[in-house]
>>> print(open('structure.txt').read())   # compact mmCIF, C-alpha atoms and all ligand atoms
# COMPACT_ATOMS: atom_id res chain seq x y z
CA MET A 2 39.59 43.66 57.25
CA PHE A 3 40.34 40.65 59.43
CA ASP A 4 39.32 42.38 62.68
CA VAL A 5 35.91 43.51 61.45
CA ASN A 6 35.13 40.06 60.07
CA GLN A 7 36.15 38.43 63.34
CA ILE A 8 33.49 40.52 65.09
CA VAL A 9 30.96 39.07 62.65
CA ALA A 10 32.30 35.55 63.17
CA GLU A 11 32.23 35.74 66.95
CA LEU A 12 28.61 36.92 67.02
CA LEU A 13 27.44 34.22 64.60
CA CYS A 14 29.22 31.60 66.68
CA LYS A 15 27.57 32.94 69.81
CA LEU A 16 24.09 32.87 68.23
CA ARG A 17 24.65 29.37 66.84
CA LYS A 18 25.25 28.11 70.37
CA ILE A 19 22.12 29.64 71.91
CA ILE A 20 19.60 28.82 69.16
CA GLU A 21 16.77 26.83 70.74
CA PRO A 22 12.98 26.51 70.54
CA GLY A 23 11.11 29.40 72.18
CA LEU A 24 13.61 32.17 71.38
CA THR A 25 12.21 34.99 69.28
CA THR A 26 14.05 36.37 66.29
CA PHE A 27 13.88 39.76 68.03
CA GLU A 28 15.93 38.37 70.93
CA LEU A 29 18.62 37.27 68.47
CA ASP A 30 18.68 40.74 66.97
CA LYS A 31 18.98 42.35 70.41
CA ILE A 32 22.03 40.21 71.18
CA ALA A 33 23.58 41.26 67.86
CA GLU A 34 22.86 44.92 68.52
CA ASP A 35 24.39 44.79 72.02
CA PHE A 36 27.39 42.92 70.62
CA CYS A 37 28.00 45.69 68.07
CA HIS A 38 27.78 48.26 70.83
CA THR A 39 30.33 46.37 72.97
CA HIS A 40 32.72 46.12 70.02
CA LYS A 41 32.19 49.74 68.91
CA ALA A 42 31.13 48.46 65.50
CA LYS A 43 28.21 49.63 63.36
CA PRO A 44 25.65 47.01 62.33
CA ALA A 45 25.94 47.25 58.55
CA PHE A 46 22.38 46.26 57.66
CA LYS A 47 20.58 48.58 60.07
CA GLY A 48 19.37 51.54 58.06
CA TYR A 49 20.68 50.04 54.79
CA ARG A 50 17.98 51.12 52.32
CA GLY A 51 15.75 51.36 55.40
CA PHE A 52 16.30 47.84 56.78
CA PRO A 53 15.19 48.08 60.43
CA SER A 54 17.44 45.58 62.23
CA SER A 55 21.02 44.50 62.90
CA ILE A 56 20.67 40.95 61.56
CA CYS A 57 18.61 39.29 58.86
CA VAL A 58 16.84 36.21 60.23
CA SER A 59 15.19 33.97 57.65
CA LEU A 60 13.25 30.87 58.74
CA ASN A 61 12.45 27.82 56.63
CA GLU A 62 10.97 28.98 53.29
CA GLU A 63 12.45 32.43 53.83
CA VAL A 64 15.61 32.74 51.74
CA VAL A 65 17.24 35.98 52.91
CA HIS A 66 16.45 39.43 54.38
CA GLY A 67 13.95 38.26 57.03
CA ILE A 68 13.16 40.97 59.57
CA PRO A 69 13.54 40.06 63.27
CA SER A 70 10.25 40.21 65.19
CA ARG A 71 8.96 39.82 68.75
CA LYS A 72 6.14 37.74 67.28
CA ARG A 73 8.39 35.23 65.52
CA LYS A 74 9.43 32.31 67.72
CA LEU A 75 11.77 29.48 66.83
CA PHE A 76 10.22 26.01 66.88
CA LYS A 77 11.81 22.57 66.96
CA GLY A 78 12.35 21.49 63.34
CA ASP A 79 12.83 25.02 61.97
CA ILE A 80 15.97 25.99 60.12
CA VAL A 81 17.15 29.53 60.75
CA SER A 82 19.49 31.54 58.54
CA ILE A 83 21.27 34.43 60.21
CA ASP A 84 23.07 37.00 58.08
CA PHE A 85 25.20 39.61 59.85
CA GLY A 86 27.37 42.46 58.65
CA VAL A 87 29.29 45.13 60.51
CA CYS A 88 31.41 48.16 59.74
CA LYS A 89 34.40 49.23 61.82
CA ASN A 90 37.25 51.64 61.03
CA GLY A 91 35.83 52.10 57.55
CA PHE A 92 35.78 48.41 56.57
CA TYR A 93 32.92 45.95 56.24
CA GLY A 94 32.53 42.28 57.16
CA ASP A 95 29.66 40.00 56.11
CA SER A 96 28.87 36.37 56.89
CA ALA A 97 25.87 34.06 57.24
CA ILE A 98 25.03 30.65 58.71
CA THR A 99 22.00 28.36 58.70
CA VAL A 100 21.32 26.51 61.93
CA PRO A 101 18.87 23.69 62.77
CA VAL A 102 16.54 24.38 65.70
CA ASP A 103 16.84 21.19 67.77
CA VAL A 104 16.13 18.16 65.57
CA VAL A 105 15.19 18.86 61.93
CA SER A 106 14.06 16.67 59.03
CA ILE A 107 16.59 14.67 57.04
CA ASP A 108 15.83 16.84 54.01
CA ASN A 109 16.61 20.00 55.95
CA GLN A 110 19.78 18.51 57.40
CA LYS A 111 20.89 17.65 53.90
CA LEU A 112 19.97 21.13 52.66
CA ILE A 113 22.13 22.73 55.35
CA SER A 114 25.13 20.51 54.72
CA VAL A 115 24.96 20.75 50.91
CA THR A 116 24.76 24.55 51.13
CA GLU A 117 27.68 24.81 53.55
CA ASP A 118 29.75 22.35 51.51
CA SER A 119 29.06 24.35 48.34
CA LEU A 120 30.46 27.44 50.08
CA PHE A 121 33.68 25.63 50.98
CA LEU A 122 34.01 24.21 47.47
CA ALA A 123 33.63 27.78 46.22
CA ILE A 124 36.28 29.06 48.62
CA HIS A 125 38.63 26.38 47.30
CA GLU A 126 38.38 28.09 43.87
CA VAL A 127 39.56 31.43 45.27
CA LYS A 128 42.95 31.49 43.55
CA VAL A 129 44.76 34.22 41.65
CA GLY A 130 44.02 33.73 37.95
CA ASN A 131 40.73 31.87 38.40
CA ARG A 132 37.54 33.58 37.31
CA ILE A 133 34.38 34.42 39.26
CA SER A 134 32.67 31.80 37.09
CA ASP A 135 34.90 29.10 38.64
CA ILE A 136 33.27 29.93 41.98
CA SER A 137 29.79 30.00 40.43
CA ARG A 138 30.31 26.69 38.67
CA VAL A 139 31.31 24.60 41.68
CA VAL A 140 28.41 25.95 43.74
CA GLN A 141 25.86 25.28 41.02
CA GLU A 142 27.24 21.81 40.23
CA HIS A 143 27.35 20.65 43.84
CA VAL A 144 23.87 21.95 44.61
CA GLN A 145 22.22 20.53 41.49
CA LYS A 146 24.01 17.18 41.84
CA ASN A 147 22.26 16.91 45.21
CA GLY A 148 18.83 17.68 43.72
CA PHE A 149 18.52 21.24 44.99
CA SER A 150 18.54 24.60 43.17
CA VAL A 151 20.51 27.84 43.48
CA VAL A 152 18.79 31.19 43.83
CA ARG A 153 19.47 33.45 40.84
CA GLN A 154 17.92 36.74 41.88
CA PHE A 155 20.43 37.39 44.66
CA VAL A 156 24.19 37.00 44.40
CA GLY A 157 27.42 37.40 46.34
CA HIS A 158 29.59 40.49 45.99
CA GLY A 159 32.89 42.19 46.48
CA ILE A 160 33.25 43.90 49.88
CA GLY A 161 35.65 46.34 51.50
CA LYS A 162 35.05 50.03 52.11
CA SER A 163 31.43 49.42 51.05
CA LEU A 164 29.14 46.55 51.96
CA HIS A 165 28.49 45.72 48.33
CA GLU A 166 31.20 46.24 45.72
CA ALA A 167 31.96 44.82 42.29
CA PRO A 168 32.20 42.10 41.16
CA GLU A 169 28.89 40.28 41.51
CA ILE A 170 29.36 36.62 42.46
CA PRO A 171 26.44 34.58 41.12
CA ASN A 172 25.84 31.05 42.37
CA PHE A 173 25.19 29.91 38.80
CA VAL A 174 27.21 30.13 35.59
CA GLN A 175 26.35 32.93 33.20
CA SER A 176 27.41 33.14 29.58
CA GLY A 177 30.44 35.24 28.71
CA ASN A 178 33.70 35.86 30.53
CA SER A 179 33.58 36.85 34.19
CA PRO A 180 36.32 38.83 35.97
CA ARG A 181 39.58 37.17 36.95
CA LEU A 182 40.54 36.99 40.61
CA LEU A 183 43.44 39.25 41.59
CA ALA A 184 45.43 39.24 44.81
CA GLY A 185 43.93 41.76 47.22
CA MET A 186 40.31 41.33 46.14
CA VAL A 187 37.89 40.57 48.96
CA LEU A 188 34.77 38.57 48.14
CA ALA A 189 31.56 37.83 50.03
CA ILE A 190 30.62 34.42 48.65
CA GLU A 191 27.11 33.39 49.60
CA PRO A 192 25.28 30.37 48.21
CA MET A 193 21.49 30.56 48.68
CA VAL A 194 20.08 27.09 48.07
CA ASN A 195 16.46 25.93 47.75
CA ILE A 196 15.09 22.41 48.13
CA GLY A 197 12.62 23.04 45.29
CA THR A 198 12.26 25.76 42.68
CA HIS A 199 14.94 28.44 42.33
CA ASN A 200 12.19 31.04 41.94
CA VAL A 201 11.72 33.47 44.79
CA SER A 202 9.45 36.38 45.65
CA VAL A 203 9.45 39.25 48.14
CA LEU A 204 6.80 39.53 50.87
CA LYS A 205 4.68 42.66 51.40
CA ASP A 206 7.10 43.87 54.08
CA GLY A 207 9.35 44.79 51.14
CA TRP A 208 12.27 42.70 52.43
CA THR A 209 11.64 39.05 53.23
CA VAL A 210 12.51 36.84 50.26
CA ILE A 211 10.65 33.51 50.17
CA THR A 212 10.82 30.50 47.88
CA GLY A 213 8.24 30.23 45.08
CA ASP A 214 7.01 26.82 46.33
CA LYS A 215 7.37 27.48 50.10
CA LYS A 216 9.95 24.72 50.40
CA CYS A 217 12.93 25.42 52.63
CA SER A 218 16.04 27.41 51.76
CA ALA A 219 19.50 27.70 53.33
CA HIS A 220 22.22 30.35 53.17
CA PHE A 221 25.90 30.39 54.11
CA GLU A 222 28.35 33.23 53.52
CA HIS A 223 31.99 34.01 54.18
CA THR A 224 34.11 37.06 53.46
CA VAL A 225 37.24 35.75 51.75
CA ALA A 226 40.44 37.53 50.65
CA VAL A 227 42.24 36.49 47.47
CA THR A 228 45.95 36.09 48.24
CA VAL A 229 48.92 34.71 46.32
CA ASP A 230 48.87 31.82 48.81
CA GLY A 231 45.19 31.06 48.13
CA PRO A 232 41.97 31.92 49.97
CA LEU A 233 42.02 33.58 53.39
CA ILE A 234 38.66 33.24 55.15
CA LEU A 235 38.41 36.52 57.06
CA SER A 236 35.10 35.58 58.72
CA SER A 237 36.32 32.14 59.84
CA GLN A 238 34.73 31.10 63.14
CA THR A 239 37.46 28.69 64.18
CA ALA A 240 38.76 31.01 66.93
CA PHE A 241 35.35 30.94 68.66
CA VAL A 242 34.10 27.36 68.36
MG MG A 301 25.46 38.72 54.31
MG MG A 302 26.60 39.49 51.53
>>> encode(input="structure.txt", output="C-alpha cells")
Amino acid sequence: MFDVNQIVAELLCKLRKIIEPGLTTFELDKIAEDFCHTHKAKPAFKGYRGFPSSICVSLNEEVVHGIPSRKRKLFKGDIVSIDFGVCKNGFYGDSAITVPVDVVSIDNQKLISVTEDSLFLAIHEVKVGNRISDISRVVQEHVQKNGFSVVRQFVGHGIGKSLHEAPEIPNFVQSGNSPRLLAGMVLAIEPMVNIGTHNVSVLKDGWTVITGDKKCSAHFEHTVAVTVDGPLILSSQTAFV
C-alpha cells in the first residue's frame, strides 16, 4: 500500500507548489487526472457514487467534496483543500492538504496549522493497543483548545482494498468503547476543522459540504499503517518536498 499512497503524496506535493491566484480548480483536476494516467492509477473519487472529478477541491467555507470547475478561480487570500485518492493494483491511497493561496489572514493561517498539527498529534496515537478514541480525543482537544471546532458529520476511515473500510475514525470522542488498534490496520485519519460552528450542510450540487456559518474550514488527511514499531505514514510527502 506504500506505492499507491506515494502516488497520492507526489501529486499533492506537486499541486501545493503550483497553487497561485488565477488558477482554476478545473486546471488542478486536469493535472491530477493526467498524473493518474501517467502512473497507470485509477482516480478513486471519479465515479464514486457519481462524483465527477479526480480530486475534491474545497475553498474557504467549503469543508470537503468540492467539485472542480472551470468557473472557479483561486484568489489571493483563499485557502484551498485538496483531497485525492487513487487505486492501483487493488489497493487504495487517500490524503488531503489545505494550502494558502498567496498571503492569507492570520485566522486562516492559524486554522491551517492547527488542523495539520491535530493530524500529526493523531498519528502519534497510532500504536498497537490504543483505541480509535485515543486518536479522536487528541484531535478534538487540540482543535477546541485553539478555539475551533471539529466537523462531526464526516469522519476518517479504514482503507485498503476499498476506499472506505471499518473502522470509522471520528474527530471527536463518542461514548462507549471504540475498536483497539491492531498491527496491520491501515487508517485514513482526516481532521476537518472549522473556525466557527461545527455544523455543516450540503449544497444543491449534492456534494459540496459547507460550514453552517460560512466561516472557513481546513482539512488534512494521511493514510497511516499501524505497525508494532508505531505509525507508518504511507502518504508521507517527504520524498517529494
Ligand atoms: Mg480523502
Ligand atoms: Mg478519506
>>> residues_near_ligand(input="structure.txt", ligand="ligand MG 301 (chain A)", cutoff="6 Å", atoms="all atoms listed in the file", output="PDB file with C-alpha atoms, keeping the file's coordinate frame")
ATOM      1  CA  ASP A  84      23.070  37.000  58.080  1.00  0.00           C
ATOM      2  CA  PHE A  85      25.200  39.610  59.850  1.00  0.00           C
ATOM      3  CA  ASP A  95      29.660  40.000  56.110  1.00  0.00           C
ATOM      4  CA  SER A  96      28.870  36.370  56.890  1.00  0.00           C
ATOM      5  CA  ALA A  97      25.870  34.060  57.240  1.00  0.00           C
TER       6      ALA A  97
END
>>> closest_atom_pairs(input="structure.txt", of="chain A", to="ligand MG 302 (chain A)", cutoff="12 Å", atoms="only C-alpha atoms and all ligand atoms", output="JSON lines")
{"residue": "A:Val9", "atom": "CA", "partner": "A:MG302", "partner_atom": "MG", "distance": 12.0}
{"residue": "A:Ala45", "atom": "CA", "partner": "A:MG302", "partner_atom": "MG", "distance": 10.5}
{"residue": "A:Phe46", "atom": "CA", "partner": "A:MG302", "partner_atom": "MG", "distance": 10.1}
{"residue": "A:Ile56", "atom": "CA", "partner": "A:MG302", "partner_atom": "MG", "distance": 11.7}
{"residue": "A:Cys57", "atom": "CA", "partner": "A:MG302", "partner_atom": "MG", "distance": 10.8}
{"residue": "A:Val65", "atom": "CA", "partner": "A:MG302", "partner_atom": "MG", "distance": 10.1}
{"residue": "A:His66", "atom": "CA", "partner": "A:MG302", "partner_atom": "MG", "distance": 10.5}
{"residue": "A:Ile83", "atom": "CA", "partner": "A:MG302", "partner_atom": "MG", "distance": 11.4}
{"residue": "A:Asp84", "atom": "CA", "partner": "A:MG302", "partner_atom": "MG", "distance": 7.8}
{"residue": "A:Phe85", "atom": "CA", "partner": "A:MG302", "partner_atom": "MG", "distance": 8.4}
{"residue": "A:Gly86", "atom": "CA", "partner": "A:MG302", "partner_atom": "MG", "distance": 7.8}
{"residue": "A:Val87", "atom": "CA", "partner": "A:MG302", "partner_atom": "MG", "distance": 10.9}
{"residue": "A:Tyr93", "atom": "CA", "partner": "A:MG302", "partner_atom": "MG", "distance": 10.2}
{"residue": "A:Gly94", "atom": "CA", "partner": "A:MG302", "partner_atom": "MG", "distance": 8.6}
{"residue": "A:Asp95", "atom": "CA", "partner": "A:MG302", "partner_atom": "MG", "distance": 5.5}
{"residue": "A:Ser96", "atom": "CA", "partner": "A:MG302", "partner_atom": "MG", "distance": 6.6}
{"residue": "A:Ala97", "atom": "CA", "partner": "A:MG302", "partner_atom": "MG", "distance": 7.9}
{"residue": "A:Ile98", "atom": "CA", "partner": "A:MG302", "partner_atom": "MG", "distance": 11.5}
{"residue": "A:Phe155", "atom": "CA", "partner": "A:MG302", "partner_atom": "MG", "distance": 9.5}
{"residue": "A:Val156", "atom": "CA", "partner": "A:MG302", "partner_atom": "MG", "distance": 7.9}
{"residue": "A:Gly157", "atom": "CA", "partner": "A:MG302", "partner_atom": "MG", "distance": 5.7}
{"residue": "A:His158", "atom": "CA", "partner": "A:MG302", "partner_atom": "MG", "distance": 6.4}
{"residue": "A:Gly159", "atom": "CA", "partner": "A:MG302", "partner_atom": "MG", "distance": 8.5}
{"residue": "A:Ile160", "atom": "CA", "partner": "A:MG302", "partner_atom": "MG", "distance": 8.1}
{"residue": "A:Gly161", "atom": "CA", "partner": "A:MG302", "partner_atom": "MG", "distance": 11.4}
{"residue": "A:Ser163", "atom": "CA", "partner": "A:MG302", "partner_atom": "MG", "distance": 11.1}
{"residue": "A:Leu164", "atom": "CA", "partner": "A:MG302", "partner_atom": "MG", "distance": 7.5}
{"residue": "A:His165", "atom": "CA", "partner": "A:MG302", "partner_atom": "MG", "distance": 7.3}
{"residue": "A:Glu166", "atom": "CA", "partner": "A:MG302", "partner_atom": "MG", "distance": 10.0}
{"residue": "A:Ala167", "atom": "CA", "partner": "A:MG302", "partner_atom": "MG", "distance": 11.9}
{"residue": "A:Glu169", "atom": "CA", "partner": "A:MG302", "partner_atom": "MG", "distance": 10.3}
{"residue": "A:Ile170", "atom": "CA", "partner": "A:MG302", "partner_atom": "MG", "distance": 9.9}
{"residue": "A:Pro171", "atom": "CA", "partner": "A:MG302", "partner_atom": "MG", "distance": 11.5}
{"residue": "A:Val187", "atom": "CA", "partner": "A:MG302", "partner_atom": "MG", "distance": 11.6}
{"residue": "A:Leu188", "atom": "CA", "partner": "A:MG302", "partner_atom": "MG", "distance": 8.9}
{"residue": "A:Ala189", "atom": "CA", "partner": "A:MG302", "partner_atom": "MG", "distance": 5.4}
{"residue": "A:Ile190", "atom": "CA", "partner": "A:MG302", "partner_atom": "MG", "distance": 7.1}
{"residue": "A:Glu191", "atom": "CA", "partner": "A:MG302", "partner_atom": "MG", "distance": 6.4}
{"residue": "A:Pro192", "atom": "CA", "partner": "A:MG302", "partner_atom": "MG", "distance": 9.8}
{"residue": "A:Met193", "atom": "CA", "partner": "A:MG302", "partner_atom": "MG", "distance": 10.7}
{"residue": "A:His220", "atom": "CA", "partner": "A:MG302", "partner_atom": "MG", "distance": 10.3}
{"residue": "A:Phe221", "atom": "CA", "partner": "A:MG302", "partner_atom": "MG", "distance": 9.5}
{"residue": "A:Glu222", "atom": "CA", "partner": "A:MG302", "partner_atom": "MG", "distance": 6.8}
{"residue": "A:His223", "atom": "CA", "partner": "A:MG302", "partner_atom": "MG", "distance": 8.1}
{"residue": "A:Thr224", "atom": "CA", "partner": "A:MG302", "partner_atom": "MG", "distance": 8.1}
{"residue": "A:Val225", "atom": "CA", "partner": "A:MG302", "partner_atom": "MG", "distance": 11.3}
{"residue": "A:Ser236", "atom": "CA", "partner": "A:MG302", "partner_atom": "MG", "distance": 11.8}
>>> closest_residue(input="structure.txt", among="A:Leu29, A:Val144, A:Ile234, A:Cys217", to="A:Val105", atoms="all atoms listed in the file")
A:Cys217
>>> atom_distance(input="structure.txt", atom1="atom CA of A:Val104", atom2="atom CA of A:Lys77")
6.3 Å
>>> residues_around(input="structure.txt", residues="A:Val100", least_positions_apart="5", cutoff="8 Å", atoms="only C-alpha atoms", output="PDB file with C-alpha atoms, keeping the file's coordinate frame")
ATOM      1  CA  ARG A  17      24.650  29.370  66.840  1.00  0.00           C
ATOM      2  CA  ILE A  20      19.600  28.820  69.160  1.00  0.00           C
ATOM      3  CA  ILE A  80      15.970  25.990  60.120  1.00  0.00           C
ATOM      4  CA  VAL A  81      17.150  29.530  60.750  1.00  0.00           C
ATOM      5  CA  SER A  82      19.490  31.540  58.540  1.00  0.00           C
ATOM      6  CA  ILE A 113      22.130  22.730  55.350  1.00  0.00           C
TER       7      ILE A 113
END
>>> closest_residue(input="structure.txt", among="A:Phe3, A:His143, A:Glu62, A:Ile196", to="A:Lys215", atoms="only C-alpha atoms")
A:Glu62
>>> residues_near_point(input="structure.txt", point="(13.1, 21.0, 68.8)", cutoff="8 Å", atoms="all atoms listed in the file", output="PyMOL selection string")
chain A and resi 21-22+76-79+102-105
>>> atom_distance(input="structure.txt", atom1="atom CA of A:Phe149", atom2="atom CA of A:Phe121")
16.9 Å
>>> residues_around(input="structure.txt", residues="A:Asn131", least_positions_apart="6", cutoff="10 Å", atoms="only C-alpha atoms", output="PyMOL selection string")
chain A and resi 179-183
>>> closest_residue(input="structure.txt", among="A:Gln110, A:Ser70, A:Asn172, A:Ser150", to="A:Gly197", atoms="only C-alpha atoms")
A:Ser150
>>> closest_residue(input="structure.txt", among="A:Ala240, A:Val140, A:Val127, A:Val210", to="A:Ala184", atoms="only C-alpha atoms")
A:Val127
>>> closest_residue(input="structure.txt", among="A:Val227, A:Val64, A:Ala219, A:Phe173", to="A:Ser114", atoms="all atoms listed in the file")
A:Ala219
>>> closest_residue(input="structure.txt", among="A:Val5, A:Val194, A:Ile133, A:Pro44", to="A:Gly148", atoms="all atoms listed in the file")
A:Val194
>>> atom_distance(input="structure.txt", atom1="atom CA of A:Arg138", atom2="atom CA of A:Val174")
5.6 Å
>>> residues_near_point(input="structure.txt", point="(29.4, 32.3, 70.9)", cutoff="12 Å", atoms="only C-alpha atoms", output="list in words")
Gln7, Ile8, Val9, Ala10, Glu11, Leu12, Leu13, Cys14, Lys15, Leu16, Arg17, Lys18, Ile19, Ile20, Ile32, Ala33, Phe36, Gln238, Thr239, Ala240, Phe241 and Val242 of chain A
>>> axis_aligned_box(input="structure.txt", around="stretch 205-218 of chain A", padding_each_side="8 Å", output="JSON")
{"center_x": 10.4, "center_y": 34.8, "center_z": 49.6, "size_x": 27.4, "size_y": 36.1, "size_z": 25.0}
>>> build_atoms(input="structure.txt", residues="stretch 128-138 of chain A", atoms="all heavy atoms", output="mmCIF file, in the coordinates of the input")
data_model
loop_
_atom_site.group_PDB
_atom_site.id
_atom_site.type_symbol
_atom_site.label_atom_id
_atom_site.label_comp_id
_atom_site.auth_asym_id
_atom_site.auth_seq_id
_atom_site.Cartn_x
_atom_site.Cartn_y
_atom_site.Cartn_z
ATOM 1 N N LYS A 128 41.520 31.525 43.891
ATOM 2 C CA LYS A 128 42.950 31.490 43.550
ATOM 3 C C LYS A 128 43.212 32.583 42.533
ATOM 4 O O LYS A 128 42.383 32.806 41.641
ATOM 5 C CB LYS A 128 43.314 30.167 42.885
ATOM 6 C CG LYS A 128 43.102 28.939 43.718
ATOM 7 C CD LYS A 128 43.279 27.690 42.857
ATOM 8 C CE LYS A 128 42.801 26.477 43.621
ATOM 9 N NZ LYS A 128 42.539 25.326 42.752
ATOM 10 N N VAL A 129 44.365 33.214 42.632
ATOM 11 C CA VAL A 129 44.760 34.220 41.650
ATOM 12 C C VAL A 129 44.732 33.573 40.261
ATOM 13 O O VAL A 129 45.267 32.480 40.074
ATOM 14 C CB VAL A 129 46.167 34.761 41.968
ATOM 15 C CG1 VAL A 129 46.667 35.670 40.853
ATOM 16 C CG2 VAL A 129 46.165 35.486 43.306
ATOM 17 N N GLY A 130 44.076 34.235 39.327
ATOM 18 C CA GLY A 130 44.020 33.730 37.950
ATOM 19 C C GLY A 130 42.732 33.006 37.629
ATOM 20 O O GLY A 130 42.339 32.929 36.463
ATOM 21 N N ASN A 131 42.066 32.428 38.646
ATOM 22 C CA ASN A 131 40.730 31.870 38.400
ATOM 23 C C ASN A 131 39.753 32.983 38.087
ATOM 24 O O ASN A 131 40.051 34.162 38.298
ATOM 25 C CB ASN A 131 40.248 31.089 39.633
ATOM 26 C CG ASN A 131 40.611 29.621 39.560
ATOM 27 O OD1 ASN A 131 41.311 29.192 38.650
ATOM 28 N ND2 ASN A 131 40.129 28.851 40.522
ATOM 29 N N ARG A 132 38.584 32.586 37.579
ATOM 30 C CA ARG A 132 37.540 33.580 37.310
ATOM 31 C C ARG A 132 36.393 33.425 38.316
ATOM 32 O O ARG A 132 36.240 32.370 38.941
ATOM 33 C CB ARG A 132 36.976 33.366 35.899
ATOM 34 C CG ARG A 132 37.959 33.718 34.788
ATOM 35 C CD ARG A 132 37.276 33.633 33.430
ATOM 36 N NE ARG A 132 38.227 33.811 32.343
ATOM 37 C CZ ARG A 132 38.596 35.006 31.850
ATOM 38 N NH1 ARG A 132 38.076 36.117 32.344
ATOM 39 N NH2 ARG A 132 39.470 35.081 30.873
ATOM 40 N N ILE A 133 35.591 34.481 38.421
ATOM 41 C CA ILE A 133 34.380 34.420 39.260
ATOM 42 C C ILE A 133 33.538 33.202 38.857
ATOM 43 O O ILE A 133 32.954 32.522 39.701
ATOM 44 C CB ILE A 133 33.556 35.720 39.107
ATOM 45 C CG1 ILE A 133 34.323 36.919 39.692
ATOM 46 C CG2 ILE A 133 32.178 35.582 39.741
ATOM 47 C CD1 ILE A 133 34.512 36.924 41.190
ATOM 48 N N SER A 134 33.500 32.917 37.558
ATOM 49 C CA SER A 134 32.670 31.800 37.090
ATOM 50 C C SER A 134 33.157 30.447 37.623
ATOM 51 O O SER A 134 32.373 29.499 37.702
ATOM 52 C CB SER A 134 32.632 31.770 35.563
ATOM 53 O OG SER A 134 33.941 31.687 35.044
ATOM 54 N N ASP A 135 34.429 30.347 38.031
ATOM 55 C CA ASP A 135 34.900 29.100 38.640
ATOM 56 C C ASP A 135 34.212 28.881 39.996
ATOM 57 O O ASP A 135 33.903 27.749 40.375
ATOM 58 C CB ASP A 135 36.426 29.122 38.817
ATOM 59 C CG ASP A 135 37.141 29.107 37.471
ATOM 60 O OD1 ASP A 135 36.815 28.246 36.645
ATOM 61 O OD2 ASP A 135 38.004 29.983 37.247
ATOM 62 N N ILE A 136 34.002 29.985 40.703
ATOM 63 C CA ILE A 136 33.270 29.930 41.980
ATOM 64 C C ILE A 136 31.818 29.543 41.710
ATOM 65 O O ILE A 136 31.278 28.622 42.324
ATOM 66 C CB ILE A 136 33.344 31.310 42.682
ATOM 67 C CG1 ILE A 136 34.784 31.605 43.108
ATOM 68 C CG2 ILE A 136 32.372 31.387 43.847
ATOM 69 C CD1 ILE A 136 35.011 33.018 43.612
ATOM 70 N N SER A 137 31.205 30.246 40.755
ATOM 71 C CA SER A 137 29.790 30.000 40.430
ATOM 72 C C SER A 137 29.575 28.547 40.035
ATOM 73 O O SER A 137 28.597 27.916 40.448
ATOM 74 C CB SER A 137 29.357 30.904 39.275
ATOM 75 O OG SER A 137 29.692 32.254 39.528
ATOM 76 N N ARG A 138 30.489 28.038 39.229
ATOM 77 C CA ARG A 138 30.310 26.690 38.670
ATOM 78 C C ARG A 138 30.306 25.614 39.752
ATOM 79 O O ARG A 138 29.430 24.742 39.763
ATOM 80 C CB ARG A 138 31.419 26.378 37.651
ATOM 81 C CG ARG A 138 31.257 25.003 36.993
ATOM 82 C CD ARG A 138 32.301 24.713 35.954
ATOM 83 N NE ARG A 138 32.387 25.793 34.960
ATOM 84 C CZ ARG A 138 33.314 26.726 34.905
ATOM 85 N NH1 ARG A 138 34.308 26.721 35.784
ATOM 86 N NH2 ARG A 138 33.292 27.669 33.994
#
